[in-house]
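S.K.: Structure provided below as structure tokens; questions to follow.
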Amino acid sequence: MSRITSTRLADSRELIYFDDPATPVREPESLVDHRTLPSRGEPGEVRYDALSGDWVAVAAHRQSRTHLPPADQCPLCPTTAANPSEIPAPDYDVVVFENRFPSLGPTAGDVPELPAVRRHGIKGAAHGRCEVIAFTPEHNGAFAKLSETRARTVIEAWAQRTEALSGLPGVQQVFPFENRGADIGVTLHHPHGQIYAYPYLTPRAAQLGAVARKYYDDVDAKETLAASLLKAEREDGSRMILEGDHFSAYVPFAARWPLEVHLVPHRSVPDLAGLTGEERDELATVYLDLLNRLDALYPTPMPYISAWYQAPLDPALRPAGQLHLQLTSPRRAADKLKYLAGSEAAMGAFINDTTPEAVAERLRSVARSSVAPGSAAPTQTVSTTLEGSSA
């Protein structure tokens, strides 16, 4: 288990250290933020789009947020005399803190109640919480380069924050994610992710939740849709990438992106907080294996969005939901990206330039020798039948 230490930054934002098991106890002085920071501002707005039924966050204050600073001014590196960063300690393992430029929060609460007749002009405070999670103190690192021990600490942080944020007033959905690479549009190069606690159900989660709930209500076994899809993919085999004791990864049958992988637990569990110790242990190994396979496909690191879909907190949707990862990349070739143009961006009608079966075959066939030095070795529980078919 990771040791957890909570403190406050100079402007009262919460910061939490998650330490690897062998890390020594921190000195109290290392928890003190000596910077002089302005007081935190009021929340932005959420506005109701009467045309679509969606909530939209308006956060004009984010225009002034830090954008691609040089390495010696990185806000996610440990504090030094020359760079008093967001992390007061001179070193850390994994750290989570409230975003200085949040699109949601810092207050918690509900979105405005909608009248029976949805009208134009409904708005309210952008309640919720936005957190940053730094995976490593190494500025030029990557999640794929973490040790299994460190990856396990990150998973512990995701789980702890999921449970804590789920208990905040008004929160309807907790979403851990990582944007990786300039092609995705990151504003900080330091390896990090984010955790959003939304005061409303996002459009994508609402869509998936409604489909999952209908399936759950229609089947006698009360099996989740995610569990049913995983079973079907494992039986078919052509799109499977790896199989473990507790997790398996596959390219979905109707993948939208040139590279899309779903990582799903074998046991129906609503969120990361619900995983057992053994499941979290294997997840650290399997996830590193998967990320290293992605990076081995091309000469340069893979840009991606790593999105943890967790069951909504709405009691009507939660029983049918199941934790799973959707890992996507717009990269369709070594030197080509897929841009969301008219059909995808305007209509949400995706057109994939690759076949899921071919993508799965490539990911299966990545040689073990291609794994980056210092990274975790590929999962030993990869199906030998699948590996054999890719020779």
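Each chain of the structure tokens is named A, B, ... in the order shown, its residues numbered from 1; ligands are numbered from 1 in display order.
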If you count only C-alpha atoms, which residues fall within 9 Å of Arg62 in chain A, apart from same-chain ones fewer than 5 positions away, as a PyMOL selection string?
M.R.: chain A and resi 101-103
S.K.: Could you pull out the helix (DSSP H, G or I) residues of range 26-260 of chain A from DSSP and send them as a PyMOL selection string?
M.R.: chain A and resi 28-31+60-64+71-73+143-145+148-166+182-184+203-218+225-236
S.K.: Nearest residue to Ala311 in chain A out of A:Ser343, A:Gln173, A:Thr328, A:Ser365, using only C-alpha atoms?
M.R.: A:Gln173
S.K.: DSSP on the backbone, then: every residue of range 174-390 of chain A marked strand (DSSP E), written as number ranges by chain.
M.R.: A: 174-180, 192-198, 240-243, 247-250, 259-265, 304-309, 324-329, 331-333, 336-337
S.K.: Could you jot down the CA of Pro78 in chain A to CA of Leu37 in chain A separation for me, Å, one decimal place?
M.R.: 17.5 Å
S.K.: Would you mind telling me which residue in A:Pro203, A:Pro84, A:Pro176, A:Pro115 lies nearest to Asp54 in chain A when using only C-alpha atoms?
M.R.: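 Selected residue with least distance to Asp54 in chain A: A:Pro203.
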S.K.: Would you list the contacts of Ala334 in chain A as a CSV table (one decimal) with N, CA, C and O atoms, in the first residue's frame, taking every protein, DNA or RNA residue within 10 Å and counting only C-alpha atoms, but skipping same-chain residues closer than 4 positions in sequence?
M.R.:
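The result, stored in selection.csv:
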chain,number,residue,atom,x,y,z
A,297,LEU,N,5.3,0.6,-32.0
A,297,LEU,CA,4.7,0.5,-33.4
A,297,LEU,C,5.5,1.4,-34.4
A,297,LEU,O,5.6,1.1,-35.5
A,298,TYR,N,6.0,2.6,-33.9
A,298,TYR,CA,6.6,3.6,-34.8
A,298,TYR,C,7.9,4.1,-34.2
A,298,TYR,O,8.1,3.9,-33.0
A,299,PRO,N,8.7,4.7,-34.9
A,299,PRO,CA,10.0,5.2,-34.4
A,299,PRO,C,9.9,6.2,-33.3
A,299,PRO,O,10.8,6.4,-32.5
A,300,THR,N,8.8,7.0,-33.2
A,300,THR,CA,8.6,8.0,-32.2
A,300,THR,C,7.5,7.6,-31.3
A,300,THR,O,6.6,6.9,-31.7
A,302,MET,N,4.1,7.2,-29.2
A,302,MET,CA,2.7,7.3,-29.7
A,302,MET,C,1.9,8.4,-28.9
A,302,MET,O,1.9,8.4,-27.7
S.K.: Of the candidates A:Leu229, A:Leu363, A:Leu340, A:Ala307, which shows the shortest atom-to-atom distance to Tyr215 in chain A, using only C-alpha atoms?
M.R.: A:Leu229
S.K.: Which neighbours of His266 in chain A fall inside 7 Å, counting only C-alpha atoms, when residues of the same chain fewer than 2 positions from it are skipped, and could you give them as a ChimeraX atom specification?
M.R.: /A:246-247,264,268
S.K.: If we count only C-alpha atoms and set the cut-off at 9 Å, which residues sit around Thr162 in chain A, ignoring sequence neighbours fewer than 5 positions away in its own chain? Please answer as number ranges by chain.
M.R.: A: 157, 167, 174-176, 195, 197, 271-273
S.K.: Given the selection you just returned, output its residues as a file containing all heavy atoms, formatted as a JSON list (two decimals), in the first residue's frame.
M.R.:
[["chain", "number", "residue", "atom", "x", "y", "z"],
["A", 157, "ALA", "N", -3.40, 5.86, -6.40],
["A", 157, "ALA", "CA", -3.85, 7.25, -6.37],
["A", 157, "ALA", "C", -5.15, 7.42, -7.13],
["A", 157, "ALA", "O", -6.08, 8.10, -6.66],
["A", 157, "ALA", "CB", -2.76, 8.15, -6.95],
["A", 167, "GLY", "N", -17.56, 11.18, -3.30],
["A", 167, "GLY", "CA", -18.29, 11.57, -2.11],
["A", 167, "GLY", "C", -18.55, 13.06, -2.00],
["A", 167, "GLY", "O", -19.23, 13.50, -1.06],
["A", 174, "VAL", "N", -16.71, 10.64, -12.12],
["A", 174, "VAL", "CA", -15.28, 10.85, -11.87],
["A", 174, "VAL", "C", -14.50, 10.24, -13.03],
["A", 174, "VAL", "O", -14.69, 9.06, -13.37],
["A", 174, "VAL", "CB", -14.83, 10.24, -10.53],
["A", 174, "VAL", "CG1", -13.33, 10.45, -10.33],
["A", 174, "VAL", "CG2", -15.62, 10.85, -9.37],
["A", 175, "PHE", "N", -13.62, 11.04, -13.60],
["A", 175, "PHE", "CA", -12.97, 10.65, -14.85],
["A", 175, "PHE", "C", -11.46, 10.88, -14.79],
["A", 175, "PHE", "O", -10.97, 11.99, -14.96],
["A", 175, "PHE", "CB", -13.56, 11.48, -16.00],
["A", 175, "PHE", "CG", -12.92, 11.28, -17.33],
["A", 175, "PHE", "CD1", -12.69, 10.02, -17.86],
["A", 175, "PHE", "CD2", -12.55, 12.39, -18.10],
["A", 175, "PHE", "CE1", -12.11, 9.84, -19.11],
["A", 175, "PHE", "CE2", -11.96, 12.23, -19.35],
["A", 175, "PHE", "CZ", -11.74, 10.95, -19.85],
["A", 176, "PRO", "N", -10.65, 9.83, -14.54],
["A", 176, "PRO", "CA", -9.19, 9.94, -14.65],
["A", 176, "PRO", "C", -8.77, 9.76, -16.12],
["A", 176, "PRO", "O", -9.29, 8.88, -16.81],
["A", 176, "PRO", "CB", -8.68, 8.78, -13.80],
["A", 176, "PRO", "CG", -9.88, 8.25, -13.06],
["A", 176, "PRO", "CD", -11.04, 8.56, -13.92],
["A", 195, "ILE", "N", -7.71, 14.34, -13.30],
["A", 195, "ILE", "CA", -8.90, 13.68, -12.76],
["A", 195, "ILE", "C", -9.99, 14.74, -12.64],
["A", 195, "ILE", "O", -9.81, 15.73, -11.92],
["A", 195, "ILE", "CB", -8.63, 13.05, -11.38],
["A", 195, "ILE", "CG1", -7.41, 12.13, -11.44],
["A", 195, "ILE", "CG2", -9.86, 12.26, -10.91],
["A", 195, "ILE", "CD1", -6.95, 11.61, -10.07],
["A", 197, "ALA", "N", -13.96, 15.67, -11.67],
["A", 197, "ALA", "CA", -15.18, 15.30, -10.97],
["A", 197, "ALA", "C", -16.28, 16.23, -11.48],
["A", 197, "ALA", "O", -16.31, 17.41, -11.14],
["A", 197, "ALA", "CB", -15.01, 15.42, -9.47],
["A", 271, "ASP", "N", -15.73, 0.86, -10.67],
["A", 271, "ASP", "CA", -14.69, 1.88, -10.77],
["A", 271, "ASP", "C", -13.37, 1.37, -10.23],
["A", 271, "ASP", "O", -13.28, 0.24, -9.73],
["A", 271, "ASP", "CB", -15.11, 3.17, -10.06],
["A", 271, "ASP", "CG", -15.50, 2.96, -8.61],
["A", 271, "ASP", "OD1", -15.01, 2.01, -7.98],
["A", 271, "ASP", "OD2", -16.31, 3.75, -8.08],
["A", 272, "LEU", "N", -12.35, 2.20, -10.35],
["A", 272, "LEU", "CA", -11.01, 1.82, -9.90],
["A", 272, "LEU", "C", -10.96, 1.55, -8.41],
["A", 272, "LEU", "O", -10.20, 0.70, -7.94],
["A", 272, "LEU", "CB", -10.02, 2.92, -10.27],
["A", 272, "LEU", "CG", -9.71, 3.04, -11.77],
["A", 272, "LEU", "CD1", -9.25, 4.46, -12.11],
["A", 272, "LEU", "CD2", -8.66, 2.03, -12.19],
["A", 273, "ALA", "N", -11.78, 2.26, -7.65],
["A", 273, "ALA", "CA", -11.81, 2.05, -6.20],
["A", 273, "ALA", "C", -12.31, 0.66, -5.84],
["A", 273, "ALA", "O", -12.00, 0.15, -4.76],
["A", 273, "ALA", "CB", -12.69, 3.11, -5.54]]
S.K.: Calculate how many Å separate CA of Ile87 in chain A from CA of Pro24 in chain A, rounding to one decimal.
M.R.: 17.3 Å
S.K.: Using only C-alpha atoms, which protein or nucleic acid residues come within 7 Å of Trp308 in chain A? Drop anything in the same chain fewer than 2 positions from it, and give the result as a ChimeraX atom specification.
M.R.: /A:175-177,306,310,324-326
S.K.: Which is closest to Ala358 in chain A among A:Arg239, A:Arg152, A:Arg318, A:Arg256, if we use only C-alpha atoms?
M.R.: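 Among the listed residues, A:Arg239 lies closest to Ala358 in chain A.
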S.K.: Which residue, A:Trp257, A:Tyr48, A:Phe350, A:Phe18, has the smallest gap to Val96 in chain A when you use only C-alpha atoms?
M.R.: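 Under the stated criterion, the closest residue is A:Phe18.
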S.K.: Choose the residue, out of A:Pro191, A:Pro270, A:Pro312, A:Gly244, that has the smallest atom-to-atom separation from Tyr287 in chain A; count only C-alpha atoms.
M.R.: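 Of A:Pro191, A:Pro270, A:Pro312, A:Gly244, the one nearest Tyr287 in chain A, counting only C-alpha atoms, is A:Gly244.
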